[in-house]
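K.L.:
input23.txt (compact mmCIF, C-alpha atoms) pasted underneath:
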```
# COMPACT_ATOMS: atom_id res chain seq x y z
CA MET A 1 178.11 47.23 96.59
CA THR A 2 179.78 49.11 99.45
CA ALA A 3 179.16 52.38 97.62
CA LEU A 4 175.48 51.54 97.19
CA ALA A 5 175.14 50.63 100.88
CA PHE A 6 176.85 53.89 101.89
CA ASP A 7 174.69 55.98 99.57
CA THR A 8 171.53 54.31 100.84
CA LEU A 9 172.52 54.96 104.48
CA LEU A 10 173.40 58.55 103.59
CA ALA A 11 170.05 59.11 101.86
CA ILE A 12 168.21 57.66 104.86
CA ALA A 13 170.26 59.84 107.24
CA ILE A 14 169.48 62.98 105.18
CA ALA A 15 165.75 62.22 105.12
CA ALA A 16 165.76 61.33 108.83
CA THR A 17 167.59 64.48 109.98
CA ALA A 18 165.35 66.62 107.73
CA ALA A 19 162.24 65.02 109.21
CA GLY A 20 163.73 65.36 112.69
CA ALA A 21 164.41 69.07 112.17
CA VAL A 22 160.75 69.57 111.21
CA VAL A 23 159.12 67.56 113.99
CA ALA A 24 161.62 68.16 116.84
CA ARG A 25 159.91 69.56 119.91
CA GLY A 26 162.34 72.29 120.92
CA LEU A 27 163.73 75.09 118.78
CA TYR A 28 167.35 74.22 119.66
CA ALA A 29 166.84 70.53 118.85
CA SER A 30 165.42 71.56 115.45
CA ILE A 31 168.44 73.74 114.75
CA ALA A 32 170.92 71.06 115.83
CA LEU A 33 169.24 68.57 113.49
CA PHE A 34 169.21 71.17 110.70
CA ILE A 35 172.98 71.62 111.06
CA ILE A 36 173.54 67.85 110.96
CA TYR A 37 171.26 67.72 107.93
CA GLY A 38 173.45 70.33 106.22
CA LEU A 39 176.61 68.36 106.94
CA MET A 40 175.02 65.15 105.60
CA LEU A 41 173.98 67.08 102.50
CA ALA A 42 177.60 68.23 102.07
CA VAL A 43 178.71 64.58 102.15
CA ALA A 44 176.07 63.81 99.53
CA TRP A 45 177.45 66.58 97.29
CA VAL A 46 180.92 65.05 97.69
CA ARG A 47 179.46 61.70 96.59
CA LEU A 48 178.02 63.48 93.53
CA GLU A 49 181.53 64.89 92.88
CA ALA A 50 180.33 68.47 93.28
CA ILE A 51 183.07 69.56 95.67
CA ASP A 52 182.38 73.27 95.17
CA VAL A 53 178.77 72.83 96.24
CA ALA A 54 179.83 70.58 99.13
CA LEU A 55 182.21 73.24 100.45
CA ALA A 56 179.56 75.94 100.17
CA GLU A 57 176.92 73.74 101.81
CA ALA A 58 179.16 72.79 104.74
CA ALA A 59 180.46 76.31 105.32
CA ILE A 60 177.37 78.40 104.61
CA GLY A 61 174.39 76.02 104.58
CA ALA A 62 175.30 74.16 107.77
CA GLY A 63 177.85 76.33 109.57
CA LEU A 64 176.85 79.92 109.01
CA THR A 65 173.07 79.40 108.74
CA GLY A 66 173.32 77.21 111.84
CA ILE A 67 175.00 79.85 113.96
CA LEU A 68 172.58 82.53 112.69
CA LEU A 69 169.63 80.30 113.65
CA VAL A 70 171.11 79.64 117.11
CA GLY A 71 171.43 83.41 117.62
CA ALA A 72 167.87 83.99 116.42
CA ALA A 73 166.55 81.27 118.73
CA ALA A 74 168.38 82.78 121.71
CA ARG A 75 166.78 86.16 120.97
CA CYS A 76 163.35 84.55 120.56
CA ARG A 77 163.77 82.90 123.96
CA ALA A 78 164.83 86.14 125.62
CA VAL A 79 161.82 87.97 124.16
CA GLU A 80 159.55 85.09 125.17
CA ARG A 81 160.78 85.31 128.76
CA ARG A 82 160.29 89.08 128.90
CA THR A 83 156.85 89.25 127.36
CA GLY A 84 155.47 85.88 128.41
CA ALA A 85 154.53 84.64 124.95
CA ILE A 86 155.92 84.38 121.49
CA GLY A 87 153.94 85.77 118.55
CA ASP A 88 152.78 82.35 117.45
CA GLY A 89 149.54 82.70 119.42
CA SER A 90 147.80 79.77 121.05
CA GLY A 91 144.94 77.34 120.62
CA GLU A 92 142.95 77.35 117.40
CA ARG A 93 144.91 80.14 115.79
CA ARG A 94 148.14 78.23 116.31
CA THR A 95 146.67 75.03 114.87
CA LEU A 96 145.36 76.93 111.84
CA LEU A 97 148.74 78.60 111.28
CA ARG A 98 150.57 75.29 111.55
CA THR A 99 148.12 73.63 109.15
CA ILE A 100 148.57 76.37 106.55
CA GLN A 101 152.36 76.27 106.95
CA GLY A 102 152.36 72.48 106.63
CA ALA A 103 150.12 72.58 103.54
CA MET A 104 152.28 75.20 101.82
CA ALA A 105 155.48 73.30 102.59
CA GLY A 106 153.80 70.12 101.31
CA VAL A 107 152.83 71.79 98.02
CA LEU A 108 156.38 73.10 97.59
CA ALA A 109 157.88 69.67 98.32
CA ALA A 110 155.47 68.03 95.87
CA ALA A 111 156.34 70.58 93.16
CA VAL A 112 160.09 70.08 93.65
CA GLY A 113 159.64 66.30 93.69
CA ALA A 114 157.58 66.44 90.49
CA ALA A 115 160.19 68.66 88.84
CA VAL A 116 162.94 66.17 89.71
CA LEU A 117 160.90 63.22 88.41
CA LEU A 118 160.09 65.07 85.16
CA LEU A 119 163.76 65.88 84.42
CA PRO A 120 164.89 64.46 81.10
CA ASP A 121 167.38 61.61 81.40
CA SER A 122 170.18 63.44 79.66
CA ALA A 123 169.99 66.99 80.99
CA PRO A 124 170.36 69.54 78.16
CA GLY A 125 172.93 71.51 80.17
CA LEU A 126 175.55 73.96 79.05
CA THR A 127 178.44 71.67 79.98
CA ALA A 128 179.68 71.49 76.39
CA THR A 129 179.46 75.26 75.91
CA VAL A 130 181.38 75.89 79.14
CA ALA A 131 184.01 73.31 78.25
CA GLY A 132 184.36 74.89 74.79
CA THR A 133 184.87 78.46 76.00
CA ILE A 134 186.62 77.97 79.34
CA GLU A 135 190.00 78.78 77.82
CA ARG A 136 188.80 82.33 77.22
CA SER A 137 187.42 82.78 80.76
CA GLY A 138 190.75 83.36 82.53
CA VAL A 139 190.41 80.42 84.95
CA SER A 140 190.47 76.64 84.63
CA ASN A 141 187.90 75.67 87.29
CA PRO A 142 184.60 75.52 85.35
CA VAL A 143 182.57 76.45 88.44
CA THR A 144 184.58 79.64 88.97
CA ALA A 145 184.39 80.40 85.23
CA VAL A 146 180.60 80.21 85.37
CA LEU A 147 180.21 82.08 88.67
CA LEU A 148 182.55 84.97 87.92
CA ASN A 149 182.62 85.25 84.17
CA PHE A 150 179.86 83.50 82.19
CA ARG A 151 177.11 84.19 84.74
CA GLY A 152 178.70 86.89 86.86
CA TYR A 153 175.39 88.53 87.76
CA ASP A 154 174.47 85.57 90.01
CA THR A 155 177.52 86.12 92.17
CA LEU A 156 177.20 89.91 92.02
CA LEU A 157 173.61 89.79 93.24
CA GLU A 158 174.46 87.22 95.93
CA SER A 159 177.16 89.46 97.34
CA MET A 160 174.75 92.41 97.29
CA VAL A 161 172.03 90.39 99.04
CA LEU A 162 174.50 89.88 101.89
CA VAL A 163 175.04 93.62 102.24
CA VAL A 164 171.28 94.26 102.17
CA ALA A 165 170.78 91.57 104.83
CA LEU A 166 173.36 93.27 107.03
CA VAL A 167 171.58 96.63 106.64
CA GLY A 168 168.38 94.84 107.65
CA VAL A 169 170.00 93.37 110.77
CA TRP A 170 171.49 96.73 111.77
CA SER A 171 168.17 98.50 111.37
CA LEU A 172 166.66 96.19 114.03
CA GLY A 173 168.91 97.73 116.67
CA ALA A 174 167.84 100.25 119.29
CA GLU A 175 168.16 103.91 118.38
CA GLN A 176 170.57 104.82 121.20
CA PHE A 177 173.09 102.17 120.14
CA TRP A 178 173.23 103.17 116.47
CA GLY A 179 176.83 103.28 115.34
CA GLY A 180 177.97 101.26 118.35
CA ARG A 181 179.66 97.90 118.60
CA PRO A 182 177.62 94.84 117.54
CA GLY A 183 176.62 92.12 120.03
CA LEU A 184 177.50 91.84 123.68
CA LYS A 185 180.96 92.14 125.12
CA GLN A 186 182.66 88.76 125.21
CA HIS A 187 184.26 87.71 128.45
CA ALA A 188 187.04 85.17 128.46
CA ARG A 189 190.06 84.71 130.66
CA THR A 190 193.09 86.09 128.84
CA ASP A 191 195.20 83.13 130.03
CA GLY A 192 192.42 80.57 129.47
CA VAL A 193 192.26 77.69 127.02
CA LEU A 194 189.83 79.57 124.76
CA ALA A 195 192.15 82.57 124.48
CA TYR A 196 194.99 80.19 123.64
CA PHE A 197 193.00 78.58 120.83
CA GLY A 198 191.89 82.04 119.75
CA ARG A 199 195.54 82.94 119.20
CA MET A 200 196.62 79.70 117.56
CA LEU A 201 193.74 78.60 115.32
CA PRO A 202 193.56 81.85 113.30
CA LEU A 203 196.96 81.03 111.80
CA VAL A 204 195.59 77.75 110.43
CA GLY A 205 192.30 79.43 109.47
CA LEU A 206 194.03 82.22 107.55
CA LEU A 207 196.11 79.66 105.68
CA VAL A 208 193.05 77.58 104.77
CA GLY A 209 191.06 80.68 103.80
CA ILE A 210 193.75 82.08 101.53
CA HIS A 211 194.32 78.64 100.03
CA LEU A 212 190.60 78.28 99.23
CA LEU A 213 190.63 81.71 97.61
CA TRP A 214 193.74 81.04 95.54
CA ALA A 215 192.70 77.49 94.64
CA GLY A 216 189.35 78.76 93.31
CA ALA A 217 190.91 79.55 89.92
CA HIS A 218 191.74 75.93 89.11
CA ALA A 219 190.17 73.72 91.80
CA PRO A 220 187.12 73.74 94.12
CA GLY A 221 187.11 76.88 96.27
CA GLY A 222 186.40 80.55 95.80
CA ALA A 223 185.25 83.77 97.43
CA PHE A 224 182.27 82.45 99.38
CA GLN A 225 184.06 79.43 100.84
CA ALA A 226 187.20 81.43 101.66
CA GLY A 227 185.10 84.29 103.06
CA THR A 228 183.29 81.91 105.41
CA VAL A 229 186.56 80.46 106.73
CA LEU A 230 188.01 83.94 107.27
CA ALA A 231 184.77 84.99 108.97
CA ALA A 232 185.13 82.02 111.33
CA VAL A 233 188.66 83.18 112.15
CA TRP A 234 187.48 86.67 113.06
CA LEU A 235 184.53 85.31 115.05
CA LEU A 236 186.86 83.05 117.01
CA VAL A 237 189.10 86.01 117.85
CA ALA A 238 186.04 88.03 118.90
CA MET A 239 184.48 85.20 120.93
CA ALA A 240 187.75 84.45 122.69
CA GLY A 241 187.68 88.08 123.88
CA LEU A 242 190.98 88.89 122.20
CA ARG A 243 189.82 91.76 120.00
CA ASP A 244 186.48 93.50 120.19
CA ALA A 245 184.47 94.07 117.03
CA PRO A 246 184.71 97.62 115.64
CA PRO A 247 181.75 100.00 115.97
CA ILE A 248 179.49 99.88 112.94
CA ALA A 249 180.00 103.61 112.42
CA SER A 250 183.63 102.87 111.49
CA MET A 251 184.25 104.10 107.96
CA ARG A 252 186.97 101.50 107.40
CA LEU A 253 184.54 98.73 108.30
CA ARG A 254 181.87 100.08 105.97
CA LEU A 255 184.37 100.39 103.13
CA LEU A 256 185.36 96.75 103.65
CA ILE A 257 181.70 95.72 103.49
CA VAL A 258 181.05 97.35 100.12
CA VAL A 259 184.44 97.12 98.40
CA GLY A 260 183.83 93.63 96.91
CA PRO A 261 180.40 94.20 95.35
CA ALA A 262 181.41 97.76 94.36
CA TRP A 263 184.53 96.61 92.53
CA PHE A 264 182.59 93.78 90.85
CA LEU A 265 179.96 96.30 89.75
CA ALA A 266 182.63 98.73 88.51
CA VAL A 267 184.30 96.01 86.44
CA GLY A 268 180.87 95.06 85.10
CA ALA A 269 180.12 98.66 84.22
CA ILE A 270 183.39 99.01 82.30
CA GLY A 271 182.38 95.81 80.51
CA ALA A 272 179.08 97.49 79.64
CA LEU A 273 180.96 100.38 78.01
CA ALA A 274 182.92 97.85 75.98
CA GLY A 275 179.80 96.03 74.83
CA SER A 276 178.35 93.68 77.46
CA PHE A 277 177.62 94.25 81.16
CA LEU A 278 179.84 92.03 83.34
CA GLY A 279 181.66 90.86 80.20
CA LEU A 280 185.33 90.51 81.12
CA PRO A 281 187.91 91.36 78.42
CA GLU A 282 189.67 88.15 77.47
CA ALA A 283 193.16 89.63 77.80
CA PHE A 284 192.79 90.60 81.49
CA ALA A 285 190.10 88.10 82.52
CA SER A 286 192.41 86.14 84.78
CA GLU A 287 193.71 89.20 86.65
CA LEU A 288 190.27 90.78 86.91
CA ILE A 289 188.75 87.59 88.31
CA LEU A 290 191.52 87.34 90.90
CA ALA A 291 190.97 90.95 91.98
CA ILE A 292 187.20 90.41 92.17
CA GLU A 293 187.68 87.21 94.19
CA VAL A 294 190.10 88.82 96.66
CA LEU A 295 187.88 91.87 97.29
CA LEU A 296 184.70 89.77 97.37
CA THR A 297 186.30 87.44 99.90
CA LEU A 298 187.13 90.39 102.17
CA SER A 299 183.63 91.84 101.88
CA ILE A 300 181.92 88.48 102.37
CA ALA A 301 184.05 87.66 105.41
CA VAL A 302 183.38 91.02 107.11
CA THR A 303 179.65 90.94 106.26
CA LEU A 304 179.23 87.39 107.57
CA VAL A 305 181.00 88.26 110.83
CA LEU A 306 178.74 91.27 111.36
CA LEU A 307 175.63 89.24 110.48
CA VAL A 308 176.57 86.73 113.20
CA LEU A 309 177.49 89.36 115.79
CA GLY A 310 174.10 90.96 115.24
CA VAL A 311 172.64 94.34 116.06
CA PRO A 312 174.70 97.06 117.77
CA ARG A 313 173.95 96.85 121.49
CA ARG A 314 176.52 99.00 123.22
CA THR A 315 178.12 102.35 122.62
CA THR A 316 181.54 101.57 124.08
CA MET B 1 193.71 40.39 103.13
CA THR B 2 197.03 42.03 103.85
CA VAL B 3 198.43 42.95 107.24
CA PHE B 4 197.53 46.60 106.46
CA ASP B 5 193.89 45.67 105.95
CA ILE B 6 193.86 43.93 109.32
CA LEU B 7 195.42 46.99 110.99
CA THR B 8 192.82 49.23 109.32
CA LEU B 9 189.97 47.04 110.48
CA ALA B 10 191.33 46.85 114.03
CA CYS B 11 191.88 50.62 114.31
CA ALA B 12 188.52 51.50 112.78
CA ALA B 13 186.70 49.01 115.01
CA LEU B 14 188.41 50.36 118.12
CA GLY B 15 187.63 53.91 116.96
CA MET B 16 183.97 53.04 116.62
CA VAL B 17 183.95 51.67 120.18
CA PHE B 18 185.10 55.13 121.35
CA PHE B 19 182.43 56.83 119.22
CA ALA B 20 179.79 54.52 120.67
CA ALA B 21 181.00 55.23 124.22
CA GLY B 22 180.96 58.99 123.56
CA THR B 23 177.43 58.78 122.15
CA VAL B 24 176.22 56.80 125.16
CA GLY B 25 177.78 59.48 127.38
CA LEU B 26 176.06 62.23 125.37
CA LEU B 27 172.70 60.53 125.81
CA ARG B 28 173.06 59.38 129.43
CA PHE B 29 175.11 61.98 131.30
CA PRO B 30 173.12 64.47 133.37
CA ASP B 31 174.50 67.94 132.49
CA VAL B 32 176.21 69.86 129.69
CA HIS B 33 179.71 69.67 131.13
CA SER B 34 179.74 65.91 131.70
CA ARG B 35 178.27 65.38 128.24
CA LEU B 36 180.98 67.56 126.71
CA HIS B 37 183.57 65.59 128.66
CA ALA B 38 182.27 62.32 127.22
CA LEU B 39 182.03 63.69 123.68
CA THR B 40 185.35 65.47 123.32
CA LYS B 41 187.51 62.73 124.80
CA ALA B 42 185.78 59.86 123.05
CA ASP B 43 185.32 61.53 119.70
CA ASN B 44 188.90 62.79 119.48
CA LEU B 45 190.30 59.35 120.21
CA GLY B 46 187.69 57.67 118.01
CA LEU B 47 188.40 59.94 115.07
CA GLY B 48 192.15 59.56 115.64
CA LEU B 49 191.91 55.79 115.50
CA ILE B 50 189.77 55.86 112.36
CA ALA B 51 192.19 58.31 110.71
CA LEU B 52 195.08 56.07 111.73
CA GLY B 53 193.25 53.07 110.29
CA LEU B 54 192.73 54.92 107.00
CA ILE B 55 196.41 55.94 106.86
CA PHE B 56 197.24 52.25 106.36
CA GLN B 57 195.14 52.42 103.16
CA ALA B 58 196.63 55.71 101.92
CA GLU B 59 198.20 55.64 98.48
CA GLY B 60 201.02 58.01 99.28
CA ILE B 61 202.65 60.05 102.00
CA ALA B 62 200.62 63.16 100.98
CA THR B 63 197.29 61.41 101.59
CA ALA B 64 198.56 60.04 104.91
CA LEU B 65 199.63 63.51 106.03
CA LYS B 66 196.28 64.95 104.96
CA LEU B 67 194.46 62.37 107.08
CA LEU B 68 196.67 63.26 110.04
CA LEU B 69 195.93 66.95 109.42
CA VAL B 70 192.17 66.24 109.34
CA TRP B 71 192.48 64.64 112.77
CA LEU B 72 194.54 67.48 114.23
CA LEU B 73 192.20 70.16 112.84
CA ALA B 74 189.15 68.31 114.12
CA ILE B 75 190.75 68.10 117.58
CA PHE B 76 191.44 71.83 117.70
CA ALA B 77 188.02 72.71 116.34
CA ALA B 78 186.31 70.38 118.82
CA ALA B 79 188.35 71.73 121.73
CA THR B 80 187.51 75.33 120.82
CA ALA B 81 183.83 74.57 120.27
CA SER B 82 183.60 72.70 123.57
CA GLN B 83 185.16 75.67 125.38
CA LEU B 84 182.54 77.96 123.82
CA ILE B 85 179.70 75.57 124.68
CA ALA B 86 180.96 75.18 128.25
CA ARG B 87 181.13 78.96 128.67
CA ALA B 88 177.63 79.38 127.23
CA ALA B 89 176.37 76.72 129.65
CA LEU B 90 178.02 78.53 132.56
CA THR B 91 176.37 81.82 131.68
CA GLY B 92 172.99 80.25 130.97
CA LEU B 93 172.87 80.73 127.17
CA ASP B 94 170.83 83.88 127.67
CA ASP B 95 171.55 86.32 124.93
CA ASP B 96 170.20 89.34 126.76
CA THR B 97 171.98 89.07 130.09
CA PRO B 98 175.66 89.98 130.03
CA ALA B 99 178.05 87.10 130.47
CA ASP B 100 179.43 86.54 133.94
CA PRO B 101 182.99 87.91 134.02
CA ARG B 102 184.74 85.10 135.83
CA PRO B 103 188.07 85.92 137.46
```
Take the structure from the file and write it as structure tokens.
P.N.:
Amino acid sequence: MTALAFDTLLAIAIAATAAGAVVARGLYASIALFIIYGLMLAVAWVRLEAIDVALAEAAIGAGLTGILLVGAAARCRAVERRTGAIGDGSGERRTLLRTIQGAMAGVLAAAVGAAVLLLPDSAPGLTATVAGTIERSGVSNPVTAVLLNFRGYDTLLESMVLVVALVGVWSLGAEQFWGGRPGLKQHARTDGVLAYFGRMLPLVGLLVGIHLLWAGAHAPGGAFQAGTVLAAVWLLVAMAGLRDAPPIASMRLRLLIVVGPAWFLAVGAIGALAGSFLGLPEAFASELILAIEVLLTLSIAVTLVLLVLGVPRRTT
Amino acid sequence: MTVFDILTLACAALGMVFFAAGTVGLLRFPDVHSRLHALTKADNLGLGLIALGLIFQAEGIATALKLLLVWLLAIFAAATASQLIARAALTGLDDDTPADPRP
């Protein structure tokens, strides 16, 4: 009874924050509601006992996407102030655009809703297959087994999408700042409260990040969740003004960005020579997955930090 | 109903009073800094009381410590975030003007 009441309230809260994010008047209010919506969704995933998804949703869906949206909104506002108007247009054109956007979103929502309603009662999933072969995958957490072994290309492509996104962000920068440090210089008092937290919280963050990475083999966790926590640690250090971000021309930085996907791809290519692309040899599967996870975590963390810090905007 | 249940109920109820007070402050106070003041104080105490209430229901010492840890981490995260928000409010949240280097 209590569980049903909680689930009902949760469902209402998810629908309400989603609706709020769509109809909110200001951009910032929309984003705030979107972040709350993501956190509510994470709670819902916990209720569905999908802890892996809940972790990813809270860290990436709500946290990281939220901060990226806040940054984008701040840039929109700055451009708006400089040029007087934002590209949305006004009057009839705006109404037409909004109507088309609304109609397309409506069609998408209807299609997803229909797909959910048409799902068979007992989903013909691969649960049995995964459970039957997990012993040969090198890990005991079925989610990690699927993401890094059985369906490795999903994770490989996801990690590459991040790198491509970063290249996209960098290419938006002004020509004269190419190779410079991303974002604006952060100012914080070196003896202030923020600097104090910036020195203390990273210890906890590093511990949590490494734990999530290590735990991924047998419990919820993994490269993306750990990478997000480590990215938060670096961002905190940068925002507290303790250590400036390196210039994007730094070779060490660029190596860190590509080492995860590159190693994953290399392992996959060796698998291809042995018979199947991304097929991990059973004897070393456990060690290979650990190495992939560690390097992916590093790459994901660095890429996420640079995505948040944004385009290079200063040369020193 | 055991004495632990009563303690849980009392702590959680008191915690919710603090949450309610913080929310009222968030909605009614005039500027960012007063709102932050209301939120951080009230929410930290509110969450602490609810965590304390749940500790009385914990099955073992490990769960109790985890609840305590959740509270401590939330406090530090909230304190850091409120510092960042307060600084952004001071400098006007404008991404294109450099932040004001305060002495």
K.L.:
For chain A against chain B, with a cut-off of 9 Å and counting only C-alpha atoms, what is the closest atom pair and its distance in Å to one decimal for every residue that makes the cut, ordered by chain and number, as a tab-separated table?
P.N.:
```
residue	atom	partner	partner_atom	distance
A:Gly71	CA	B:Asp95	CA	7.9
A:Ala74	CA	B:Asp95	CA	5.7
A:Arg75	CA	B:Asp95	CA	6.2
A:Arg77	CA	B:Asp94	CA	8.0
A:Ala78	CA	B:Asp96	CA	6.4
A:Val79	CA	B:Asp96	CA	8.9
A:Leu184	CA	B:Pro98	CA	6.9
A:Lys185	CA	B:Pro98	CA	7.5
A:Gln186	CA	B:Ala99	CA	7.2
A:His187	CA	B:Pro101	CA	5.7
A:Ala188	CA	B:Pro101	CA	7.4
A:Arg189	CA	B:Pro103	CA	7.2
A:Val193	CA	B:Gln83	CA	7.6
A:Leu194	CA	B:Gln83	CA	6.1
A:Phe197	CA	B:Thr80	CA	6.4
A:Gly198	CA	B:Thr80	CA	8.1
A:Leu201	CA	B:Phe76	CA	7.5
A:Val204	CA	B:Leu73	CA	8.7
A:Leu236	CA	B:Thr80	CA	8.6
A:Met239	CA	B:Leu84	CA	8.0
A:Ala240	CA	B:Leu84	CA	8.4
```
K.L.:
Name all residues at most 8 Å from region 146-163 of chain A (count only C-alpha atoms; drop same-chain ones fewer than 3 positions away) and give them as an MDAnalysis selection string.
P.N.:
chainID A and resid 130 137 142:143 166:167 257:258 260:261 264:265 278:280 289 296 300 303:304
K.L.:
Please list, as an MDAnalysis selection string, the residues that have an atom at most 12 Å away from (179.3, 82.4, 113.7) in the coordinates of this file, counting all atoms listed in the file.
P.N.:
(chainID A and resid 59:60 62:72 183 228:239 301:310) or (chainID B and resid 81 84)
K.L.:
For the atom pair CA of Leu72 (chain B) and CA of Gly48 (chain B), what is the interatomic distance in Å to one decimal place?
P.N.:
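Distance reported for this atom pair: 8.4 Å.
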K.L.:
Between CA of Ala262 (chain A) and CA of Val164 (chain A), what is the distance, to one decimal in Å?
P.N.:
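Between CA of Ala262 (chain A) and CA of Val164 (chain A) the gap is 13.3 Å.
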K.L.:
Pick from A:Leu48, A:Arg98, A:Ser286, A:Thr2: nearest to Asn141 (chain A), with only C-alpha atoms counted?
P.N.:
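Of A:Leu48, A:Arg98, A:Ser286, A:Thr2, the one nearest Asn141 (chain A) is A:Ser286, counting only C-alpha atoms.
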K.L.:
Measure the distance from CA of Ala13 (chain B) to CA of Ile85 (chain B) in Å and round it to one decimal.
P.N.:
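We find that CA of Ala13 (chain B) and CA of Ile85 (chain B) lie 29.1 Å from each other.
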K.L.:
Go through A:Pro312, A:Gly241, A:Pro124, A:Pro247 one by one, measure the shortest atom-to-atom distance of each to Trp170 (chain A) using all atoms listed in the file, and give the residue with the smallest value.
P.N.:
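Checking each of A:Pro312, A:Gly241, A:Pro124, A:Pro247 against Trp170 (chain A), counting all atoms listed in the file, the winner is A:Pro312.
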K.L.:
Supply region 207-213 of chain A as a PDB file, keeping the file's coordinate frame, with all heavy atoms built in where the input has gaps.
P.N.:
```pdb
ATOM      1  N   LEU A 207     195.460  80.465 106.717  1.00  0.00           N
ATOM      2  CA  LEU A 207     196.110  79.660 105.680  1.00  0.00           C
ATOM      3  C   LEU A 207     195.064  78.947 104.822  1.00  0.00           C
ATOM      4  O   LEU A 207     195.110  79.006 103.587  1.00  0.00           O
ATOM      5  CB  LEU A 207     197.047  78.645 106.350  1.00  0.00           C
ATOM      6  CG  LEU A 207     198.039  77.944 105.454  1.00  0.00           C
ATOM      7  CD1 LEU A 207     199.044  78.925 104.918  1.00  0.00           C
ATOM      8  CD2 LEU A 207     198.736  76.835 106.216  1.00  0.00           C
ATOM      9  N   VAL A 208     194.091  78.309 105.498  1.00  0.00           N
ATOM     10  CA  VAL A 208     193.050  77.580 104.770  1.00  0.00           C
ATOM     11  C   VAL A 208     192.223  78.549 103.930  1.00  0.00           C
ATOM     12  O   VAL A 208     191.923  78.282 102.759  1.00  0.00           O
ATOM     13  CB  VAL A 208     192.147  76.789 105.748  1.00  0.00           C
ATOM     14  CG1 VAL A 208     190.980  76.160 105.007  1.00  0.00           C
ATOM     15  CG2 VAL A 208     192.952  75.722 106.469  1.00  0.00           C
ATOM     16  N   GLY A 209     191.875  79.710 104.513  1.00  0.00           N
ATOM     17  CA  GLY A 209     191.060  80.680 103.800  1.00  0.00           C
ATOM     18  C   GLY A 209     191.747  81.185 102.544  1.00  0.00           C
ATOM     19  O   GLY A 209     191.161  81.214 101.462  1.00  0.00           O
ATOM     20  N   ILE A 210     193.015  81.561 102.685  1.00  0.00           N
ATOM     21  CA  ILE A 210     193.750  82.080 101.530  1.00  0.00           C
ATOM     22  C   ILE A 210     193.947  80.976 100.495  1.00  0.00           C
ATOM     23  O   ILE A 210     193.849  81.202  99.291  1.00  0.00           O
ATOM     24  CB  ILE A 210     195.093  82.689 101.985  1.00  0.00           C
ATOM     25  CG1 ILE A 210     194.829  83.931 102.837  1.00  0.00           C
ATOM     26  CG2 ILE A 210     195.955  83.055 100.789  1.00  0.00           C
ATOM     27  CD1 ILE A 210     196.032  84.469 103.554  1.00  0.00           C
ATOM     28  N   HIS A 211     194.171  79.752 100.972  1.00  0.00           N
ATOM     29  CA  HIS A 211     194.320  78.640 100.030  1.00  0.00           C
ATOM     30  C   HIS A 211     193.043  78.437  99.229  1.00  0.00           C
ATOM     31  O   HIS A 211     193.086  78.277  98.003  1.00  0.00           O
ATOM     32  CB  HIS A 211     194.675  77.355 100.786  1.00  0.00           C
ATOM     33  CG  HIS A 211     194.591  76.127  99.935  1.00  0.00           C
ATOM     34  ND1 HIS A 211     195.544  75.835  98.984  1.00  0.00           N
ATOM     35  CD2 HIS A 211     193.665  75.153  99.848  1.00  0.00           C
ATOM     36  CE1 HIS A 211     195.196  74.721  98.365  1.00  0.00           C
ATOM     37  NE2 HIS A 211     194.061  74.287  98.873  1.00  0.00           N
ATOM     38  N   LEU A 212     191.878  78.469  99.925  1.00  0.00           N
ATOM     39  CA  LEU A 212     190.600  78.280  99.230  1.00  0.00           C
ATOM     40  C   LEU A 212     190.394  79.366  98.183  1.00  0.00           C
ATOM     41  O   LEU A 212     189.898  79.106  97.085  1.00  0.00           O
ATOM     42  CB  LEU A 212     189.453  78.309 100.229  1.00  0.00           C
ATOM     43  CG  LEU A 212     189.162  77.016 100.978  1.00  0.00           C
ATOM     44  CD1 LEU A 212     188.106  77.257 102.039  1.00  0.00           C
ATOM     45  CD2 LEU A 212     188.696  75.937 100.017  1.00  0.00           C
ATOM     46  N   LEU A 213     190.785  80.591  98.529  1.00  0.00           N
ATOM     47  CA  LEU A 213     190.630  81.710  97.610  1.00  0.00           C
ATOM     48  C   LEU A 213     191.518  81.520  96.381  1.00  0.00           C
ATOM     49  O   LEU A 213     191.076  81.627  95.243  1.00  0.00           O
ATOM     50  CB  LEU A 213     191.017  83.002  98.345  1.00  0.00           C
ATOM     51  CG  LEU A 213     191.170  84.265  97.524  1.00  0.00           C
ATOM     52  CD1 LEU A 213     189.849  84.615  96.889  1.00  0.00           C
ATOM     53  CD2 LEU A 213     191.643  85.402  98.388  1.00  0.00           C
TER      54      LEU A 213
END
```
